[in-house]
Amino acid sequence: MKNKLVPAGLFLLVLVFFWKLTLTNEFVWFDHPDMCYLEIPRLQFQAREFHLGHFPLWDPSIWAGQSLIGQTQPGPLFPLTFLFLLLPLDHGYLQYAYLNGYWVLLHALAALACYALCRDWGLSRTGALLAAIGFGCGGFLGTVAWLDVAAGAIFTPLVLLYLSRALEGRRPYASAACAGLFLGLAWLSGHHEIPLLVSFLFLTIWAIAIWHRRAALPLAFIAVLIAGLVAALQVLPTVEFGRLSQRWVGTAEPVGWDDRIPYTIATVYSLPARGLLTTFLPSADRYADCAPFLGLAIVALALVGLSTANQTPRVRWIAVATAVSLLFALGAATPFHGTLYSLLPGLGKARVPVRALHLFNLGLCLLAAYGWDELRSRPFPPLLQRGLLLVGILITGWAIGHPALDDRLLLSGFLALALAASLSAKLTPTALAAVWITVALTELHGVTTATYSSRYRDDQNRFLKRLEENKDIADFLRAAERVSPVRIAVKEDDVPINYGDYHGVDAIQGYVAGAPVNLLRAELHTDRSQSLFAVTHYLGKQPARAGQVSLFEGRSGVKVFANPDPMPRAWSVHEIIRASDGPDLRDRIQVQPIDFHRQAVLLGDAPALETCDGDDVKLMSRNPDRVRLAAAMRCTGMVILADSYYPGWQATVDGRPAPIWEAYGAIRGVVVPTGTHQVEFRFRPGSVYLGAALFLLGLLATGVLVLLRR
C-alpha cells in the first residue's frame, strides 16, 4: 500500500503547494509577455479548431499563414497539450482555471518522475519525497515562465531511470527503448533547448558506457534510434520550417538556419556568479525568467549526499554531471561553455545557457535524497548541525540588521535554525522527516509562487489584461467576415498580442520566433504588400495611412479602420512578368508598381497564359488546411490566392493535380484553363506525414521490446 499511497500523497502535496492556482480563481502563473502575446493565443487557435472538429497543421491567423507544426511552439503535437486543448472552452476561449491546472499537473508529473527515479535507485521514501519536492516545485522547473519549456523538463528523470536500468542489465533492450521513448517525447514539448541539452547528456552517458563496455553499443543504438523516431514527429517539420525561415535571437537582424548565433547572445543569458548564492538564499532575481533556488534544506542534504561520493559510484557520476551542468549554466563566466559552443555542432541552437539549471537542480535533488539516507543510516554529523546553526544565525542577523532586505531572507534564517534544532532534538524518524519536508515546502513556496499575479490587483496582470481587451472588436470583425474574407494589420503598441490567433481572425503579422524568408522579403509592413495580401482592416488608435476609414471603436479606444485598396482574397491574372532576382522582384512590387489585378511577377520560370478579361473567381469555403475556389475563366490564366506560399500545399483543378507557383515571391498561384473549374488547395506536408510514420514506428518498436521477455 505504501508504494501506492506515497506517490498519491506526493501528487496531493504538489496540488496543495500550488494552492494559489488549484484552490482559488484569483491567481494566474502566466502573466508573462511571451505567454500572453504569443503562446496562449496560439494555444487558443488550436483549441478553437479542435472544438470545430479540425486538427490544424496550418495556422492562417498569423503572417498570412504559417505552418503550425513547423513553428514548434508551444507544443502543438505534445500529447498532454493535446488533451488540455480538448477541455471545455468558455464562450470559445481557453479557461484560465484549466491553464492553471495544466501548469500544476506538469509540476506534479515532474515530481512523480523524480520520485520514481529515486525509488528505482533504492533510495528511501523520505529521501525520494524530498528530491521530488525540490525538482517539481522549486528551482528551474518551479520558476521557469514558459509552458513548453516546463513540459520538456518533466521527462528527464524517466530518461535517466530507464537509461540506468539498461546499463545495469535490467531488461536492457526494453529499458533502452523506454529511455529513447521519453527523450523523444521531450522533443515534442514545443521548445528545443531542454531536449537538446538532455540529448547531449544522453549521448555522453552512452559514449562513456560504450568506452568501458562494447556490449553497450547495441543498447545505445536502440535508445538513440527510438528517440530519433519518436522525436521525428516534431523535429522534421521544425527543421523544414527552420531552413526556410529566419529567427529572432536577440540580434538586430534575424538569423538563418545555417547562421551561427553570436556568442554575445549567450553572455546575456548566462548565470552570473552571484546567482549561485540564490540556489539556497531566496531572491527576487531571475535569469532568463528562471531561478536555481532550492532552499537550505535541499542544498544542505545535497552536501551530505556529496560526502558519500567515495562510497557510492553513482553519487560520483551525479556530482560530475551536476558540476558540468553548473559550469554550462554559468556560460560566459567560464571558458567551459564557450569551448563547447565552438566545438559541438548544434549546441549554438541552445542560446540560453541558464537552461542547464534544469540538470543542475535535478542533480542537487538526487544528491539530497542520498544525503537524507546518509543522515538516517548513521549518527548525525555534527558539522551539519553546526553549519545550519551558523548559517541561520548569520542570515537572521543580517536580515534583522537590514530591514530593507526581502522578508523571505529572514524567514530563511529562522528555518535554518529550525533545521539545526531538529537535528539536536530527539525526534522520531517520522517527526524528523515531517520537519524537513515542511521546511523545504515553506522555503520553495516563498520563491516559486511569488510571481503569480492576482487578477484583482490593478498593479498586476499587466500582460494578461491584453488578452481581455478588444473582444468587442473581434465580434465586429467576425461579423464582417460573414460578408467577405477579413485580414487585419495591427499597431503593436495598441494591440500587443497575436490578435489573429487569439480571436480567430486572419492577420498579416504577429509575434513569432521566426518567419519564412519569402514573407520577410515581401516587406509586409508596406502599403503595397498589404494591398497584395488582401489586408482589409487596420487596428489602432489612429490611422496608419491616408484613405483609411474608421468603422468601429472598441471600449479600449482601439479603432477598426477600413483599408482603401485591398485586393480580393482570390483573383486571376493573365500576364506574367519574370524577375531576375530578389531586388528586381522588390522593384516590380514596391518601386515600379505593376497592376496586381492583371499582372503577376515570378522569379525564374513562368507558365504560358492567354490574354482576356472578365474572369470570375470566388472563395467558396476554407478551413486552416483546405481552401476551395470557384473560377470561371474566359481564357487560360493564373488564379491567385493571397495566402503565403509554403512547401506542403497541394493544388487540384477539378480534382486533377496542378503545380503551385510562388507568385509575387510569396503567395500561391495556380494555372487554370478556360471554363468553369473548382480549384482546391490542401496542406499535406510531407515532413509531418513522414514524421508521423516514424513516430508510430518508434512507438511500435518500443511496445515490441517492452512486451518481449528477453
# chains A, B, ... in the order shown; residues from 1 in each chain; ligands from 1
call {"tool": "residues_around", "arguments": {"residues": "Thr126 of chain A", "least_positions_apart": "5", "cutoff": "12 Å", "atoms": "only C-alpha atoms", "output": "CSV table (one decimal) with N, CA and C atoms, in the first residue's frame"}}
result
chain,number,residue,atom,x,y,z
A,2,LYS,N,2.0,1.2,0.7
A,2,LYS,CA,2.8,2.4,0.8
A,2,LYS,C,3.4,2.8,-0.6
A,6,VAL,N,2.2,6.7,-1.1
A,6,VAL,CA,3.2,7.7,-1.0
A,6,VAL,C,3.2,8.6,-2.3
A,7,PRO,N,3.2,7.9,-3.5
A,7,PRO,CA,3.1,8.8,-4.8
A,7,PRO,C,1.7,9.5,-4.8
A,9,GLY,N,0.1,10.6,-2.2
A,9,GLY,CA,0.3,11.7,-1.3
A,9,GLY,C,1.2,12.8,-1.9
A,10,LEU,N,2.2,12.4,-2.6
A,10,LEU,CA,3.1,13.4,-3.3
A,10,LEU,C,2.3,14.2,-4.3
A,115,TYR,N,10.5,11.1,-8.1
A,115,TYR,CA,10.3,10.2,-7.0
A,115,TYR,C,10.5,8.7,-7.6
A,118,CYS,N,14.3,8.0,-7.9
A,118,CYS,CA,14.9,7.8,-6.6
A,118,CYS,C,14.6,6.4,-6.1
A,119,ARG,N,13.3,6.0,-6.1
A,119,ARG,CA,12.9,4.7,-5.6
A,119,ARG,C,13.6,3.6,-6.4
A,131,ALA,N,13.6,14.9,-2.7
A,131,ALA,CA,14.1,15.1,-4.1
A,131,ALA,C,13.0,15.5,-5.0
A,132,ALA,N,11.8,14.8,-4.9
A,132,ALA,CA,10.7,15.1,-5.8
A,132,ALA,C,10.1,16.5,-5.6
A,133,ILE,N,10.0,16.9,-4.3
A,133,ILE,CA,9.5,18.2,-4.0
A,133,ILE,C,10.5,19.3,-4.5
A,368,ALA,N,20.5,15.2,-2.7
A,368,ALA,CA,19.7,15.4,-1.4
A,368,ALA,C,19.1,14.2,-0.9
A,369,ALA,N,18.6,13.4,-1.9
A,369,ALA,CA,18.0,12.1,-1.5
A,369,ALA,C,19.0,11.2,-0.9
A,370,TYR,N,20.2,11.1,-1.5
A,370,TYR,CA,21.3,10.3,-0.9
A,370,TYR,C,21.7,10.9,0.4
A,371,GLY,N,21.7,12.2,0.5
A,371,GLY,CA,22.0,12.9,1.8
A,371,GLY,C,21.1,12.5,2.9
A,372,TRP,N,19.8,12.5,2.6
A,372,TRP,CA,18.8,12.1,3.7
A,372,TRP,C,19.1,10.7,4.2
A,373,ASP,N,19.3,9.8,3.2
A,373,ASP,CA,19.5,8.4,3.6
A,373,ASP,C,20.8,8.2,4.4
A,374,GLU,N,21.8,9.1,4.1
A,374,GLU,CA,23.1,9.0,4.9
A,374,GLU,C,22.8,9.5,6.3
A,375,LEU,N,22.0,10.6,6.4
A,375,LEU,CA,21.6,11.0,7.8
A,375,LEU,C,20.9,10.0,8.6
A,376,ARG,N,20.0,9.2,8.0
A,376,ARG,CA,19.3,8.3,8.7
A,376,ARG,C,20.0,7.0,9.0
A,429,PRO,N,11.9,9.2,13.6
A,429,PRO,CA,12.2,9.4,12.2
A,429,PRO,C,11.1,10.1,11.4
A,430,THR,N,9.8,9.7,11.8
A,430,THR,CA,8.7,10.3,11.1
A,430,THR,C,8.6,11.8,11.4
A,431,ALA,N,8.8,12.2,12.7
A,431,ALA,CA,8.7,13.6,13.0
A,431,ALA,C,9.8,14.4,12.4
A,432,LEU,N,11.0,13.8,12.3
A,432,LEU,CA,12.1,14.5,11.7
A,432,LEU,C,11.9,14.7,10.2
A,433,ALA,N,11.4,13.6,9.6
A,433,ALA,CA,11.0,13.8,8.1
A,433,ALA,C,10.0,14.9,7.9
A,434,ALA,N,9.0,14.9,8.8
A,434,ALA,CA,7.9,15.9,8.7
A,434,ALA,C,8.5,17.3,8.8
A,435,VAL,N,9.5,17.5,9.7
A,435,VAL,CA,10.1,18.8,9.9
A,435,VAL,C,10.8,19.2,8.6
A,436,TRP,N,11.7,18.4,8.0
A,436,TRP,CA,12.5,18.7,6.9
A,436,TRP,C,11.6,18.9,5.6
A,437,ILE,N,10.6,18.1,5.5
A,437,ILE,CA,9.7,18.3,4.3
A,437,ILE,C,8.9,19.6,4.5
call {"tool": "residues_around", "arguments": {"residues": "Val354 of chain A", "least_positions_apart": "2", "cutoff": "6 Å", "atoms": "only C-alpha atoms", "output": "ChimeraX atom specification"}}
result
/A:270-271,329,352,356-357
call {"tool": "closest_residue", "arguments": {"among": "A:Phe695, A:Phe293, A:Phe202, A:Trp649", "to": "Leu57 of chain A", "atoms": "only C-alpha atoms"}}
result
A:Trp649
call {"tool": "closest_atom_pairs", "arguments": {"of": "segment 311-338 of chain A", "to": "segment 159-174 of chain A", "cutoff": "12 Å", "atoms": "only C-alpha atoms", "output": "tab-separated table"}}
result
residue	atom	partner	partner_atom	distance
A:Arg314	CA	A:Ser164	CA	10.0
A:Trp317	CA	A:Ser164	CA	11.6
A:Ile318	CA	A:Leu160	CA	10.9
A:Ala321	CA	A:Leu160	CA	12.0
call {"tool": "write_last_selection", "arguments": {"atoms": "C-alpha atoms", "output": "compact mmCIF listing (two decimals), in the first residue's frame"}}
result
# COMPACT_ATOMS: atom_id res chain seq x y z
CA ARG A 314 26.56 6.64 -8.66
CA TRP A 317 28.60 10.39 -11.52
CA ILE A 318 25.71 12.57 -10.30
CA ALA A 321 27.00 15.80 -14.14
call {"tool": "atom_distance", "arguments": {"atom1": "atom CA of His191 of chain A", "atom2": "atom CA of Phe328 of chain A"}}
result
18.7 Å
call {"tool": "closest_atom_pairs", "arguments": {"of": "segment 395-476 of chain A", "to": "segment 485-500 of chain A", "cutoff": "12 Å", "atoms": "only C-alpha atoms", "output": "CSV"}}
result
residue,atom,partner,partner_atom,distance
A:Arg462,CA,A:Pro496,CA,11.6
A:Phe463,CA,A:Pro496,CA,9.0
A:Leu464,CA,A:Ile497,CA,10.1
A:Lys465,CA,A:Ile497,CA,10.6
A:Arg466,CA,A:Ile497,CA,7.1
A:Leu467,CA,A:Ile497,CA,7.5
A:Glu468,CA,A:Ile497,CA,10.8
A:Glu469,CA,A:Val495,CA,8.6
A:Asn470,CA,A:Val495,CA,8.4
A:Lys471,CA,A:Tyr499,CA,9.8
A:Ile473,CA,A:Tyr499,CA,10.4
A:Ala474,CA,A:Tyr499,CA,8.7
A:Phe476,CA,A:Val486,CA,10.9
call {"tool": "select_by_dssp", "arguments": {"residues": "segment 8-140 of chain A", "states": "alpha helix (DSSP H)", "output": "PyMOL selection string"}}
result
chain A and resi 8-17+19-22+33-34+40-51+68-71+79-85+96-120+125-137+139-140
call {"tool": "residues_around", "arguments": {"residues": "Val671 of chain A", "least_positions_apart": "6", "cutoff": "12 Å", "atoms": "only C-alpha atoms", "output": "ChimeraX atom specification"}}
result
/A:571-576,600,606-610,631,633,635-641,651-653,657-663,677,679
call {"tool": "write_last_selection", "arguments": {"atoms": "N, CA and C atoms", "output": "compact mmCIF listing (two decimals), in the first residue's frame"}}
result
# COMPACT_ATOMS: atom_id res chain seq x y z
N TRP A 571 -8.14 36.11 -56.96
CA TRP A 571 -8.41 36.76 -58.23
C TRP A 571 -7.60 36.07 -59.32
N SER A 572 -7.67 36.54 -60.53
CA SER A 572 -6.92 35.94 -61.64
C SER A 572 -6.13 37.00 -62.37
N VAL A 573 -5.01 36.56 -62.99
CA VAL A 573 -4.19 37.43 -63.83
C VAL A 573 -3.91 36.69 -65.14
N HIS A 574 -3.55 37.48 -66.16
CA HIS A 574 -3.28 36.88 -67.47
C HIS A 574 -1.95 37.35 -68.06
N GLU A 575 -1.11 37.96 -67.20
CA GLU A 575 0.21 38.37 -67.66
C GLU A 575 1.23 38.07 -66.58
N ILE A 576 2.32 37.43 -66.96
CA ILE A 576 3.40 37.09 -66.04
C ILE A 576 4.63 37.92 -66.39
N ALA A 600 1.17 39.33 -62.62
CA ALA A 600 1.88 38.67 -61.53
C ALA A 600 3.36 38.65 -61.89
N ALA A 606 8.25 30.67 -65.80
CA ALA A 606 6.88 31.15 -65.73
C ALA A 606 6.03 30.38 -66.73
N PRO A 607 4.76 30.11 -66.40
CA PRO A 607 3.89 29.39 -67.32
C PRO A 607 3.36 30.31 -68.42
N ALA A 608 2.88 29.70 -69.51
CA ALA A 608 2.27 30.46 -70.61
C ALA A 608 0.80 30.72 -70.29
N LEU A 609 0.38 31.97 -70.42
CA LEU A 609 -1.01 32.36 -70.18
C LEU A 609 -1.59 33.01 -71.43
N GLU A 610 -2.91 33.13 -71.44
CA GLU A 610 -3.62 33.81 -72.53
C GLU A 610 -4.17 35.13 -72.02
N ALA A 631 -13.66 29.11 -60.12
CA ALA A 631 -13.04 30.01 -61.10
C ALA A 631 -13.72 29.84 -62.46
N MET A 633 -13.20 31.05 -65.98
CA MET A 633 -12.10 31.66 -66.73
C MET A 633 -12.51 31.86 -68.19
N CYS A 635 -10.30 32.66 -70.45
CA CYS A 635 -9.18 32.01 -71.14
C CYS A 635 -8.18 31.58 -70.08
N THR A 636 -7.13 30.86 -70.48
CA THR A 636 -6.17 30.33 -69.53
C THR A 636 -5.47 31.47 -68.77
N GLY A 637 -5.49 31.37 -67.47
CA GLY A 637 -4.86 32.40 -66.63
C GLY A 637 -4.37 31.78 -65.34
N MET A 638 -3.83 32.60 -64.49
CA MET A 638 -3.36 32.13 -63.19
C MET A 638 -4.28 32.65 -62.09
N VAL A 639 -4.84 31.73 -61.32
CA VAL A 639 -5.67 32.09 -60.17
C VAL A 639 -4.75 32.30 -58.97
N ILE A 640 -4.87 33.47 -58.36
CA ILE A 640 -4.03 33.85 -57.23
C ILE A 640 -4.83 33.72 -55.94
N LEU A 641 -4.26 33.07 -54.94
CA LEU A 641 -4.82 33.05 -53.59
C LEU A 641 -3.86 33.82 -52.69
N ALA A 651 -2.31 21.53 -54.83
CA ALA A 651 -3.47 22.12 -55.52
C ALA A 651 -4.04 21.12 -56.52
N THR A 652 -5.36 21.20 -56.69
CA THR A 652 -6.04 20.44 -57.74
C THR A 652 -6.99 21.37 -58.49
N VAL A 653 -7.15 21.10 -59.77
CA VAL A 653 -8.14 21.79 -60.59
C VAL A 653 -9.11 20.72 -61.08
N PRO A 657 -4.28 17.05 -60.10
CA PRO A 657 -3.17 17.81 -59.50
C PRO A 657 -2.68 18.92 -60.42
N ALA A 658 -2.34 20.05 -59.82
CA ALA A 658 -1.81 21.20 -60.55
C ALA A 658 -0.67 21.79 -59.75
N PRO A 659 0.40 22.22 -60.40
CA PRO A 659 1.53 22.82 -59.67
C PRO A 659 1.14 24.18 -59.09
N ILE A 660 1.74 24.50 -57.94
CA ILE A 660 1.53 25.80 -57.31
C ILE A 660 2.75 26.66 -57.61
N TRP A 661 2.51 27.85 -58.13
CA TRP A 661 3.57 28.81 -58.46
C TRP A 661 3.70 29.82 -57.32
N GLU A 662 4.96 30.22 -57.06
CA GLU A 662 5.22 31.20 -56.00
C GLU A 662 5.08 32.60 -56.59
N ALA A 663 3.83 33.05 -56.70
CA ALA A 663 3.54 34.34 -57.32
C ALA A 663 3.97 35.48 -56.40
N HIS A 677 -14.28 26.02 -63.25
CA HIS A 677 -13.50 24.98 -62.58
C HIS A 677 -13.57 25.14 -61.06
N VAL A 679 -11.15 24.87 -57.92
CA VAL A 679 -9.73 24.87 -57.53
C VAL A 679 -9.66 24.63 -56.03
call {"tool": "closest_residue", "arguments": {"among": "A:Pro254, A:Gly675, A:Gly540, A:Gly698", "to": "Val224 of chain A", "atoms": "only C-alpha atoms"}}
result
A:Gly698
call {"tool": "select_by_dssp", "arguments": {"residues": "segment 155-284 of chain A", "states": "strand (DSSP E)", "output": "PyMOL selection string"}}
result
chain A and resi 245-247+255-256
call {"tool": "residues_around", "arguments": {"residues": "Gly547 of chain A", "least_positions_apart": "2", "cutoff": "9 Å", "atoms": "only C-alpha atoms", "output": "list in words"}}
result
Pro543, Arg545, Val549, Ala562, Asn563, Pro564 and Asp565 of chain A
call {"tool": "write_last_selection", "arguments": {"atoms": "N, CA and C atoms", "output": "PDB file, in the first residue's frame"}}
result
ATOM      1  N   PRO A 543      -5.230  56.228 -37.448  1.00  0.00           N
ATOM      2  CA  PRO A 543      -4.986  55.600 -38.752  1.00  0.00           C
ATOM      3  C   PRO A 543      -3.503  55.555 -39.060  1.00  0.00           C
ATOM      4  N   ARG A 545      -2.335  55.337 -42.377  1.00  0.00           N
ATOM      5  CA  ARG A 545      -2.046  55.963 -43.664  1.00  0.00           C
ATOM      6  C   ARG A 545      -3.299  56.638 -44.186  1.00  0.00           C
ATOM      7  N   VAL A 549     -10.599  54.489 -43.349  1.00  0.00           N
ATOM      8  CA  VAL A 549     -11.880  54.997 -42.847  1.00  0.00           C
ATOM      9  C   VAL A 549     -12.226  54.254 -41.560  1.00  0.00           C
ATOM     10  N   ALA A 562     -10.988  50.707 -42.192  1.00  0.00           N
ATOM     11  CA  ALA A 562     -11.039  50.000 -43.469  1.00  0.00           C
ATOM     12  C   ALA A 562      -9.918  50.512 -44.362  1.00  0.00           C
ATOM     13  N   ASN A 563      -9.164  49.591 -44.944  1.00  0.00           N
ATOM     14  CA  ASN A 563      -8.110  49.974 -45.875  1.00  0.00           C
ATOM     15  C   ASN A 563      -8.709  50.354 -47.225  1.00  0.00           C
ATOM     16  N   PRO A 564      -8.090  51.293 -47.928  1.00  0.00           N
ATOM     17  CA  PRO A 564      -8.706  51.823 -49.158  1.00  0.00           C
ATOM     18  C   PRO A 564      -8.551  50.930 -50.385  1.00  0.00           C
ATOM     19  N   ASP A 565      -7.544  50.039 -50.425  1.00  0.00           N
ATOM     20  CA  ASP A 565      -7.251  49.381 -51.696  1.00  0.00           C
ATOM     21  C   ASP A 565      -6.856  47.918 -51.562  1.00  0.00           C
TER      22      ASP A 565
END
call {"tool": "closest_residue", "arguments": {"among": "A:Arg682, A:Arg260, A:Arg386, A:Arg588", "to": "Leu629 of chain A", "atoms": "only C-alpha atoms"}}
result
A:Arg682
call {"tool": "residues_around", "arguments": {"residues": "segment 556-560 of chain A", "least_positions_apart": "3", "cutoff": "6 Å", "atoms": "only C-alpha atoms", "output": "list in words"}}
result
Tyr538, Leu539, Gly540, Lys541, Ser550, Leu551, Phe552 and Glu553 of chain A
call {"tool": "write_last_selection", "arguments": {"atoms": "N, CA and C atoms", "output": "PDB file, in the first residue's frame"}}
result
ATOM      1  N   TYR A 538      -7.342  47.670 -40.455  1.00  0.00           N
ATOM      2  CA  TYR A 538      -6.211  48.047 -39.613  1.00  0.00           C
ATOM      3  C   TYR A 538      -6.739  48.371 -38.225  1.00  0.00           C
ATOM      4  N   LEU A 539      -6.056  47.835 -37.171  1.00  0.00           N
ATOM      5  CA  LEU A 539      -6.454  48.099 -35.792  1.00  0.00           C
ATOM      6  C   LEU A 539      -5.427  49.006 -35.130  1.00  0.00           C
ATOM      7  N   GLY A 540      -5.892  50.101 -34.586  1.00  0.00           N
ATOM      8  CA  GLY A 540      -5.025  51.052 -33.902  1.00  0.00           C
ATOM      9  C   GLY A 540      -5.861  52.206 -33.387  1.00  0.00           C
ATOM     10  N   LYS A 541      -5.259  53.038 -32.562  1.00  0.00           N
ATOM     11  CA  LYS A 541      -5.994  54.192 -32.037  1.00  0.00           C
ATOM     12  C   LYS A 541      -6.009  55.349 -33.023  1.00  0.00           C
ATOM     13  N   SER A 550     -12.556  55.016 -40.499  1.00  0.00           N
ATOM     14  CA  SER A 550     -12.919  54.403 -39.219  1.00  0.00           C
ATOM     15  C   SER A 550     -14.297  53.762 -39.325  1.00  0.00           C
ATOM     16  N   LEU A 551     -14.379  52.482 -38.922  1.00  0.00           N
ATOM     17  CA  LEU A 551     -15.643  51.752 -38.975  1.00  0.00           C
ATOM     18  C   LEU A 551     -16.213  51.464 -37.597  1.00  0.00           C
ATOM     19  N   PHE A 552     -15.328  51.326 -36.604  1.00  0.00           N
ATOM     20  CA  PHE A 552     -15.793  50.881 -35.282  1.00  0.00           C
ATOM     21  C   PHE A 552     -14.740  51.260 -34.259  1.00  0.00           C
ATOM     22  N   GLU A 553     -15.180  51.612 -33.058  1.00  0.00           N
ATOM     23  CA  GLU A 553     -14.264  51.903 -31.958  1.00  0.00           C
ATOM     24  C   GLU A 553     -14.613  51.026 -30.777  1.00  0.00           C
TER      25      GLU A 553
END
